[in-house]
$ cat data-v1.csv   # CSV, C-alpha atoms and all ligand atoms
chain,number,residue,atom,x,y,z
A,1,MET,CA,-0.4,32.9,12.9
A,2,SER,CA,-1.7,31.0,9.9
A,3,ARG,CA,-5.1,29.9,8.7
A,4,LEU,CA,-5.3,26.1,8.3
A,5,ALA,CA,-7.6,24.2,6.0
A,6,ILE,CA,-7.9,20.4,6.2
A,7,VAL,CA,-9.1,19.0,2.9
A,8,VAL,CA,-10.9,15.6,2.9
A,9,PRO,CA,-11.9,13.9,-0.3
A,10,CYS,CA,-15.0,11.7,0.3
A,11,TYR,CA,-16.5,9.0,-1.9
A,12,ASN,CA,-19.5,7.1,-0.4
A,13,GLU,CA,-18.4,7.9,3.2
A,14,GLU,CA,-21.8,8.5,4.9
A,15,GLU,CA,-21.0,5.9,7.6
A,16,MET,CA,-17.6,7.3,8.3
A,17,LEU,CA,-18.2,11.0,8.2
A,18,PRO,CA,-19.8,11.6,11.6
A,19,ILE,CA,-16.7,10.2,13.3
A,20,THR,CA,-14.5,12.2,10.9
A,21,PHE,CA,-16.2,15.5,11.8
A,22,GLU,CA,-15.9,14.8,15.4
A,23,GLU,CA,-12.2,13.9,15.4
A,24,LEU,CA,-11.1,16.7,13.0
A,25,ARG,CA,-13.0,19.3,15.0
A,26,GLU,CA,-11.1,18.2,18.1
A,27,VAL,CA,-7.8,18.6,16.1
A,28,LEU,CA,-8.8,22.1,15.0
A,29,HIS,CA,-9.9,23.3,18.4
A,30,ASN,CA,-6.9,21.9,20.0
A,31,LEU,CA,-4.6,23.7,17.6
A,32,ILE,CA,-6.5,27.0,17.9
A,33,GLU,CA,-6.3,26.7,21.7
A,34,LYS,CA,-2.6,26.3,21.5
A,35,ASN,CA,-2.4,29.4,19.3
A,36,LYS,CA,-0.8,27.5,16.4
A,37,ILE,CA,-3.5,28.4,13.9
A,38,THR,CA,-6.0,31.2,13.5
A,39,GLU,CA,-9.6,30.9,14.8
A,40,ASP,CA,-11.1,30.9,11.3
A,41,SER,CA,-9.3,27.7,10.3
A,42,PHE,CA,-11.7,25.2,8.7
A,43,LEU,CA,-12.4,21.7,7.3
A,44,LEU,CA,-13.2,21.3,3.6
A,45,PHE,CA,-15.1,18.1,2.6
A,46,VAL,CA,-15.1,17.3,-1.1
A,47,ASP,CA,-17.9,15.0,-2.2
A,48,ASP,CA,-16.5,13.2,-5.2
A,49,GLY,CA,-19.9,12.3,-6.8
A,50,SER,CA,-20.9,9.9,-4.1
A,51,LYS,CA,-23.9,7.6,-4.7
A,52,ASP,CA,-24.9,7.5,-1.0
A,53,LYS,CA,-25.9,10.3,1.4
A,54,THR,CA,-22.4,11.7,1.7
A,55,TRP,CA,-23.4,15.2,0.5
A,56,GLU,CA,-26.5,15.3,2.7
A,57,VAL,CA,-24.3,14.5,5.7
A,58,ILE,CA,-21.8,17.2,4.7
A,59,SER,CA,-24.4,19.9,4.1
A,60,LYS,CA,-26.2,19.1,7.4
A,61,GLU,CA,-22.9,19.5,9.2
A,62,HIS,CA,-22.2,22.7,7.4
A,63,GLU,CA,-25.6,24.1,8.5
A,64,ARG,CA,-24.8,23.1,12.1
A,65,SER,CA,-21.3,24.7,12.1
A,66,SER,CA,-20.9,26.8,9.0
A,67,LYS,CA,-18.0,28.6,10.7
A,68,TYR,CA,-15.6,25.8,10.2
A,69,VAL,CA,-17.2,23.0,8.1
A,70,PHE,CA,-17.1,23.8,4.4
A,71,GLY,CA,-18.3,21.5,1.6
A,72,LEU,CA,-17.5,21.2,-2.1
A,73,LYS,CA,-19.7,18.9,-4.2
A,74,LEU,CA,-18.3,17.6,-7.5
A,75,ALA,CA,-20.9,16.9,-10.2
A,76,ARG,CA,-19.7,13.4,-10.7
A,77,ASN,CA,-17.1,10.9,-9.5
A,78,VAL,CA,-13.7,11.9,-10.8
A,79,GLY,CA,-11.4,9.8,-8.6
A,80,HIS,CA,-9.4,10.5,-5.5
A,81,GLN,CA,-6.5,12.5,-7.1
A,82,ASN,CA,-8.9,14.8,-9.0
A,83,ALA,CA,-11.2,15.3,-6.0
A,84,LEU,CA,-8.1,16.2,-3.9
A,85,ILE,CA,-6.8,18.8,-6.4
A,86,ALA,CA,-10.3,20.3,-6.6
A,87,GLY,CA,-10.3,20.7,-2.8
A,88,LEU,CA,-6.7,22.0,-2.7
A,89,SER,CA,-7.4,24.7,-5.3
A,90,LYS,CA,-10.4,25.9,-3.4
A,91,ALA,CA,-8.6,25.9,-0.1
A,92,LYS,CA,-5.6,27.7,-1.5
A,93,ASP,CA,-7.5,31.0,-1.9
A,94,LEU,CA,-8.7,30.9,1.7
A,95,ALA,CA,-6.0,29.4,3.8
A,96,ASP,CA,-2.2,29.8,4.4
A,97,ILE,CA,-1.6,26.1,5.0
A,98,VAL,CA,-3.5,23.1,3.8
A,99,VAL,CA,-3.4,19.5,5.1
A,100,SER,CA,-5.0,16.7,3.0
A,101,ILE,CA,-6.2,13.6,4.7
A,102,ASP,CA,-8.5,10.6,3.7
A,103,ALA,CA,-12.0,10.6,5.1
A,104,ASP,CA,-11.6,7.2,6.8
A,105,LEU,CA,-9.0,8.6,9.2
A,106,GLN,CA,-6.7,5.6,8.8
A,107,ASP,CA,-3.9,8.2,9.1
A,108,ASP,CA,-3.3,9.3,12.6
A,109,THR,CA,-4.7,12.8,13.1
A,110,ALA,CA,-2.2,13.5,15.9
A,111,ALA,CA,0.4,14.0,13.1
A,112,ILE,CA,-1.4,17.2,12.0
A,113,GLU,CA,0.0,19.1,14.9
A,114,ALA,CA,3.5,17.8,14.2
A,115,MET,CA,3.0,18.9,10.6
A,116,VAL,CA,1.9,22.4,11.6
A,117,ASP,CA,5.0,22.6,13.9
A,118,ALA,CA,7.2,21.6,11.0
A,119,TYR,CA,5.6,24.3,8.9
A,120,HIS,CA,6.4,26.9,11.5
A,121,GLU,CA,9.9,25.7,11.5
A,122,GLY,CA,10.1,26.7,7.9
A,123,ASN,CA,9.0,23.7,5.8
A,124,ASP,CA,6.7,24.4,2.9
A,125,ILE,CA,5.8,20.8,2.4
A,126,VAL,CA,5.5,18.2,5.2
A,127,TYR,CA,5.0,14.6,4.2
A,128,GLY,CA,3.1,12.2,6.5
A,129,VAL,CA,5.1,8.9,6.4
A,130,ARG,CA,3.7,5.7,7.9
A,131,ASN,CA,6.0,3.8,10.2
A,132,SER,CA,5.1,0.4,9.0
A,133,ARG,CA,2.6,-1.5,7.0
A,134,LYS,CA,1.5,-3.8,9.8
A,135,THR,CA,-2.2,-3.1,9.3
A,136,ASP,CA,-2.1,-3.8,5.6
A,137,SER,CA,-3.1,-7.1,4.1
A,138,PHE,CA,-0.2,-9.3,3.0
A,139,PHE,CA,-1.2,-8.7,-0.6
A,140,LYS,CA,-1.4,-4.9,-0.3
A,141,ARG,CA,1.9,-4.7,1.6
A,142,ASN,CA,3.7,-6.6,-1.0
A,143,THR,CA,2.2,-5.0,-4.1
A,144,ALA,CA,2.9,-1.6,-2.6
A,145,GLN,CA,6.5,-2.6,-2.1
A,146,VAL,CA,6.9,-3.8,-5.7
A,147,PHE,CA,5.3,-0.6,-6.9
A,148,TYR,CA,7.7,1.7,-5.0
A,149,ARG,CA,10.6,-0.3,-6.2
A,150,LEU,CA,9.4,-0.2,-9.8
A,151,LEU,CA,8.8,3.6,-9.6
A,152,SER,CA,12.3,4.3,-8.3
A,153,ALA,CA,13.8,1.9,-11.0
A,154,MET,CA,11.9,4.0,-13.6
A,155,GLY,CA,13.5,7.2,-12.1
A,156,VAL,CA,10.4,8.7,-10.5
A,157,GLU,CA,11.2,10.4,-7.2
A,158,THR,CA,8.7,9.5,-4.5
A,159,ILE,CA,8.7,9.4,-0.7
A,160,TYR,CA,8.6,5.8,0.5
A,161,ASN,CA,5.4,4.9,2.4
A,162,HIS,CA,3.9,8.3,1.9
A,163,ALA,CA,0.3,8.5,0.5
A,164,ASP,CA,-1.7,11.7,0.2
A,165,TYR,CA,-1.5,12.8,3.8
A,166,ARG,CA,0.6,15.9,3.8
A,167,LEU,CA,0.8,19.6,4.6
A,168,MET,CA,1.5,22.3,2.0
A,169,SER,CA,2.0,26.0,2.3
A,170,ARG,CA,0.1,28.3,0.0
A,171,ARG,CA,3.1,29.1,-2.1
A,172,ALA,CA,3.8,25.4,-2.6
A,173,LEU,CA,0.1,24.9,-3.6
A,174,GLU,CA,0.3,27.7,-6.1
A,175,GLN,CA,3.3,26.1,-7.7
A,176,LEU,CA,1.6,22.7,-7.8
A,177,LEU,CA,-1.4,24.2,-9.6
A,178,GLU,CA,1.1,25.4,-12.3
A,179,TYR,CA,1.3,21.8,-13.3
A,180,LYS,CA,-1.4,21.7,-16.0
A,181,GLU,CA,-1.4,18.0,-16.7
A,182,THR,CA,-4.7,16.1,-16.6
A,183,ASN,CA,-3.2,12.7,-15.5
A,184,LEU,CA,-2.6,13.4,-11.9
A,185,TYR,CA,-0.2,11.5,-9.7
A,186,LEU,CA,0.2,13.9,-6.9
A,187,ARG,CA,2.8,11.9,-5.0
A,188,GLY,CA,5.1,12.2,-8.0
A,189,MET,CA,4.4,15.8,-8.7
A,190,ILE,CA,4.9,17.3,-5.3
A,191,PRO,CA,8.6,16.4,-5.0
A,192,LEU,CA,9.1,18.4,-8.3
A,193,ILE,CA,8.1,21.6,-6.6
A,194,GLY,CA,11.2,22.1,-4.4
A,195,TYR,CA,11.3,24.2,-1.2
A,196,LYS,CA,12.2,23.0,2.2
A,197,THR,CA,10.4,19.8,3.0
A,198,GLY,CA,10.0,17.7,6.2
A,199,GLU,CA,8.6,14.4,7.2
A,200,VAL,CA,6.3,13.4,10.1
A,201,TYR,CA,6.0,9.7,11.1
A,202,TYR,CA,2.8,8.0,12.3
A,203,GLU,CA,1.1,4.6,12.6
A,204,ARG,CA,-1.6,3.9,10.1
A,205,LYS,CA,-4.7,2.2,11.4
A,206,GLU,CA,-7.3,0.0,9.8
A,207,ARG,CA,-10.4,1.4,8.2
A,208,THR,CA,-13.2,1.4,10.9
A,209,LYS,CA,-16.3,2.1,8.8
A,210,GLY,CA,-17.2,1.4,5.2
A,211,GLU,CA,-14.8,-0.4,2.8
A,212,SER,CA,-11.8,0.6,0.8
A,213,LYS,CA,-12.6,2.6,-2.4
A,214,TYR,CA,-9.3,1.5,-3.9
A,215,PRO,CA,-9.9,-2.0,-5.2
A,216,PHE,CA,-7.0,-3.7,-7.0
A,217,SER,CA,-8.1,-2.4,-10.4
A,218,LYS,CA,-7.9,1.3,-9.2
A,219,MET,CA,-4.6,0.6,-7.5
A,220,LEU,CA,-3.2,-0.8,-10.7
A,221,SER,CA,-4.4,2.1,-12.7
A,222,LEU,CA,-2.9,4.6,-10.2
A,223,ALA,CA,0.4,2.7,-10.4
A,224,LEU,CA,0.5,2.6,-14.2
A,225,ASN,CA,-0.4,6.3,-14.2
A,226,GLY,CA,2.4,7.0,-11.8
A,227,ILE,CA,5.0,5.3,-14.0
A,228,THR,CA,3.8,6.5,-17.5
A,229,SER,CA,3.2,10.1,-16.3
A,230,PHE,CA,6.7,10.6,-15.1
A,231,SER,CA,9.0,8.4,-17.1
A,232,VAL,CA,9.8,7.6,-20.7
A,233,LYS,CA,12.0,4.8,-19.5
A,234,PRO,CA,9.7,2.0,-20.7
A,235,ILE,CA,10.2,3.3,-24.2
A,236,ARG,CA,14.0,3.3,-23.7
A,237,LEU,CA,13.7,-0.3,-22.7
A,238,ILE,CA,12.3,-1.2,-26.1
A,239,ALA,CA,15.2,0.5,-27.8
A,240,ALA,CA,17.6,-1.3,-25.5
A,241,LEU,CA,15.9,-4.6,-26.3
A,242,GLY,CA,16.3,-3.9,-30.0
A,243,CYS,CA,20.1,-3.4,-29.5
A,244,PHE,CA,20.3,-6.6,-27.4
A,245,ILE,CA,18.6,-8.6,-30.1
A,246,LEU,CA,20.9,-7.2,-32.8
A,247,LEU,CA,23.8,-8.4,-30.7
A,248,GLY,CA,22.0,-11.8,-30.4
A,249,CYS,CA,21.8,-11.7,-34.2
A,250,LEU,CA,25.6,-11.9,-34.3
A,251,ALA,CA,25.7,-15.0,-32.2
A,252,ALA,CA,22.9,-16.5,-34.2
A,253,ALA,CA,24.9,-15.7,-37.4
A,254,ILE,CA,27.9,-17.5,-36.1
A,255,TYR,CA,25.8,-20.5,-35.1
A,256,ALA,CA,23.9,-20.5,-38.4
A,257,PHE,CA,27.0,-20.3,-40.6
A,258,ALA,CA,28.8,-23.0,-38.6
A,259,SER,CA,25.8,-25.3,-39.1
A,260,TYR,CA,25.7,-24.4,-42.7
A,261,PHE,CA,29.3,-25.2,-43.4
A,262,MET,CA,29.1,-28.5,-41.4
A,263,GLY,CA,26.4,-29.3,-43.9
A,264,ASN,CA,23.7,-30.7,-41.7
A,265,VAL,CA,20.9,-28.1,-42.3
A,266,GLU,CA,17.9,-27.9,-44.5
A,267,LYS,CA,18.2,-25.7,-47.6
A,268,GLY,CA,17.0,-22.1,-46.8
A,269,TRP,CA,17.3,-22.5,-43.0
A,270,THR,CA,20.3,-20.3,-42.7
A,271,SER,CA,18.9,-17.3,-44.5
A,272,LEU,CA,15.5,-17.6,-42.8
A,273,ILE,CA,16.9,-17.8,-39.3
A,274,LEU,CA,19.3,-14.8,-39.9
A,275,SER,CA,16.4,-12.7,-41.4
A,276,ILE,CA,14.2,-13.4,-38.4
A,277,TRP,CA,16.9,-12.2,-35.9
A,278,PHE,CA,18.0,-9.3,-37.9
A,279,LEU,CA,14.6,-7.9,-38.8
A,280,GLY,CA,13.3,-8.5,-35.2
A,281,GLY,CA,16.2,-6.4,-33.9
A,282,VAL,CA,15.8,-3.7,-36.5
A,283,GLN,CA,12.1,-3.4,-35.8
A,284,LEU,CA,12.4,-3.1,-32.1
A,285,LEU,CA,15.2,-0.6,-32.4
A,286,SER,CA,13.1,1.5,-34.8
A,287,ILE,CA,10.1,1.4,-32.5
A,288,GLY,CA,12.3,2.5,-29.7
A,289,VAL,CA,13.6,5.5,-31.8
A,290,ILE,CA,10.1,6.5,-32.8
A,291,GLY,CA,9.1,6.1,-29.1
A,292,GLU,CA,11.9,8.4,-28.1
A,293,TYR,CA,10.3,11.2,-30.2
A,294,ILE,CA,6.8,10.4,-28.9
A,295,GLY,CA,8.2,10.5,-25.4
A,296,LYS,CA,9.6,14.0,-26.1
A,297,ILE,CA,6.2,15.1,-27.5
A,298,TYR,CA,4.6,13.7,-24.4
A,299,MET,CA,6.8,15.7,-22.0
A,300,GLU,CA,6.3,18.8,-24.1
A,301,VAL,CA,2.5,18.8,-24.1
A,302,LYS,CA,2.5,18.6,-20.4
A,303,GLN,CA,3.9,22.2,-20.3
A,304,ARG,CA,5.2,21.7,-16.8
A,305,PRO,CA,6.8,24.7,-15.3
A,306,LYS,CA,10.6,24.7,-15.9
A,307,TYR,CA,11.6,26.2,-12.6
A,308,ASN,CA,10.2,27.6,-9.4
A,309,VAL,CA,11.9,30.7,-8.1
A,310,GLU,CA,12.1,30.6,-4.3
A,311,MET,CA,13.7,34.0,-3.7
A,312,PHE,CA,15.0,37.0,-5.6
A,313,LEU,CA,17.4,39.4,-4.0
A,314,LYS,CA,17.5,43.0,-5.3
A,315,GLN,CA,17.9,46.5,-4.1
A,316,GLU,CA,14.9,47.8,-2.2
A,317,ASN,CA,12.8,50.7,-3.6
A,318,THR,CA,14.3,50.8,-7.0
A,319,ASP,CA,12.4,50.1,-10.2
A,320,GLU,CA,15.3,48.8,-12.1
A,321,TYR,CA,17.5,45.9,-11.2
B,1,LIG,N1,-12.0,8.6,-2.7
B,1,LIG,C1,-12.5,9.6,-3.6
B,1,LIG,N2,-12.9,9.2,-4.8
B,1,LIG,C2,-12.8,7.9,-5.3
B,1,LIG,C3,-12.2,7.0,-4.4
B,1,LIG,C4,-11.8,7.3,-3.1
B,1,LIG,O1,-12.6,10.7,-3.2
B,1,LIG,O2,-13.1,7.7,-6.4
B,1,LIG,C5,-11.6,9.0,-1.3
B,1,LIG,C6,-12.1,8.1,-0.2
B,1,LIG,O3,-13.4,8.6,0.2
B,1,LIG,C7,-11.1,8.3,0.9
B,1,LIG,C8,-9.8,8.4,0.1
B,1,LIG,O4,-10.2,8.8,-1.3
B,1,LIG,O5,-11.3,9.5,1.6
B,1,LIG,C9,-8.9,7.1,0.1
B,1,LIG,O6,-9.7,6.0,-0.2
B,1,LIG,P1,-9.7,4.7,0.6
B,1,LIG,O7,-9.5,5.0,2.0
B,1,LIG,O8,-10.9,3.9,0.2
B,1,LIG,O9,-8.4,4.0,0.0
B,1,LIG,P2,-7.4,3.0,0.8
B,1,LIG,O10,-7.0,3.6,2.1
B,1,LIG,O11,-8.1,1.7,0.9
B,1,LIG,O12,-6.2,2.9,-0.1
B,2,MG,MG,-8.3,4.3,3.5

$ encode --input "data-v1.csv" --output "structure tokens"
Amino acid sequence: MSRLAIVVPCYNEEEMLPITFEELREVLHNLIEKNKITEDSFLLFVDDGSKDKTWEVISKEHERSSKYVFGLKLARNVGHQNALIAGLSKAKDLADIVVSIDADLQDDTAAIEAMVDAYHEGNDIVYGVRNSRKTDSFFKRNTAQVFYRLLSAMGVETIYNHADYRLMSRRALEQLLEYKETNLYLRGMIPLIGYKTGEVYYERKERTKGESKYPFSKMLSLALNGITSFSVKPIRLIAALGCFILLGCLAAAIYAFASYFMGNVEKGWTSLILSIWFLGGVQLLSIGVIGEYIGKIYMEVKQRPKYNVEMFLKQENTDEY
């Protein structure tokens, strides 16, 4: 049997938390009763520098049931992704499997049991994937769709309609923490780990208490981070544009010379128009070439692990191999 930790990042969630405690406790007890997880499984609430009484609420609940309600208080607000990784790193040392879920419980907690089952079937990572976006506003639904399309066009592998509701085994978490980058976009990083992965489908509800902590500005910055942390394609586009304009320069040259020989142009126009096209193309291409090197430097400084060994077969009880 395995020890389960459920990690919940919380930012200004005082209104929501009492309901969250109640529901997640039910989930834990139910799974313990069914002998799917050990009795010392626990919930870990991460207070991401909240300005309201979130931490008081968490510590009170910990006093009441210290056996399975743990709290981690961050010194200031660092954002959802960082708060999540803080919780995951703490949980990794204590638990065998870790599920992350938002405090507002928009994600159906019934999927946790399915995730644990999928883990017992041999999956190291189980993604919670929402069936539809019915409960989202028209605006959020469409911007999300554009975002996923853009990401995949930029060559970033992501799971469609999966947010940060997922299960990870300890060894998958250990490998995740080998990614030392500071700009976190977990949804993009986790598919890089490898191992057997599964998916569990669920319906996403609307937020019942409090309001979304992801206003459009934060969503946009997460999206930009997702693209620029994983792809140097935007730089390549600049180089491609440079080549394209140089080709355009050829067409412009034919047009300019034709006009010149037909004699109906101002003096100096031909050389001016050709210089503009040519220099424009050369400049963009040069920026693209420099960008290519900067892109390499960017990827190097991340110092991401180059591989993740899943298994190594060798003769037992020998020192050499
Ligand atoms: N959150 C956080 N730090 C932040 C913003 C959000 O820990 O700076 C938490 C928040 O408490 C919630 C989760 O991240 O548990 C997702 O936020 P929210 O539900 O507001 O996002 P939405 O579902 O609207 O995209
Ligand atoms: Mg939410």

$ residues_near_ligand --input "data-v1.csv" --ligand "ligand LIG 1 (chain B)" --cutoff "10 Å" --atoms "only C-alpha atoms and all ligand atoms" --output "number ranges by chain"
A: 7-14, 16-17, 45-50, 54, 74, 76-84, 100-107, 136, 140, 163-164, 204-207, 210-216, 218-219

$ closest_atom_pairs --input "data-v1.csv" --of "range 130-191 of chain A" --to "range 298-314 of chain A" --cutoff "8 Å" --atoms "only C-alpha atoms" --output "tab-separated table"
residue	atom	partner	partner_atom	distance
A:Gln175	CA	A:Asn308	CA	7.3
A:Glu178	CA	A:Pro305	CA	6.5
A:Tyr179	CA	A:Arg304	CA	5.2
A:Lys180	CA	A:Lys302	CA	6.6
A:Glu181	CA	A:Lys302	CA	5.4

$ residues_around --input "data-v1.csv" --residues "range 223-238 of chain A" --least-positions-apart "5" --cutoff "6 Å" --atoms "all atoms listed in the file" --output "tab-separated table (two decimals) with C-alpha atoms, keeping the file's coordinate frame"
chain	number	residue	atom	x	y	z
A	154	MET	CA	11.90	4.00	-13.60
A	185	TYR	CA	-0.20	11.50	-9.70
A	288	GLY	CA	12.30	2.50	-29.70
A	291	GLY	CA	9.10	6.10	-29.10
A	295	GLY	CA	8.20	10.50	-25.40

$ atom_distance --input "data-v1.csv" --atom1 "CA of Asp124 in chain A" --atom2 "CA of Val156 in chain A"
21.0 Å

$ atom_distance --input "data-v1.csv" --atom1 "CA of Trp269 in chain A" --atom2 "CA of Ser286 in chain A"
25.7 Å

$ closest_residue --input "data-v1.csv" --among "A:Phe70, A:Phe257, A:Tyr165, A:Tyr127" --to "ligand MG 2 (chain B)" --atoms "only C-alpha atoms and all ligand atoms"
A:Tyr165

$ closest_residue --input "data-v1.csv" --among "A:Ala144, A:Glu199, A:Lys209, A:Leu279" --to "ligand MG 2 (chain B)" --atoms "all atoms listed in the file"
A:Lys209
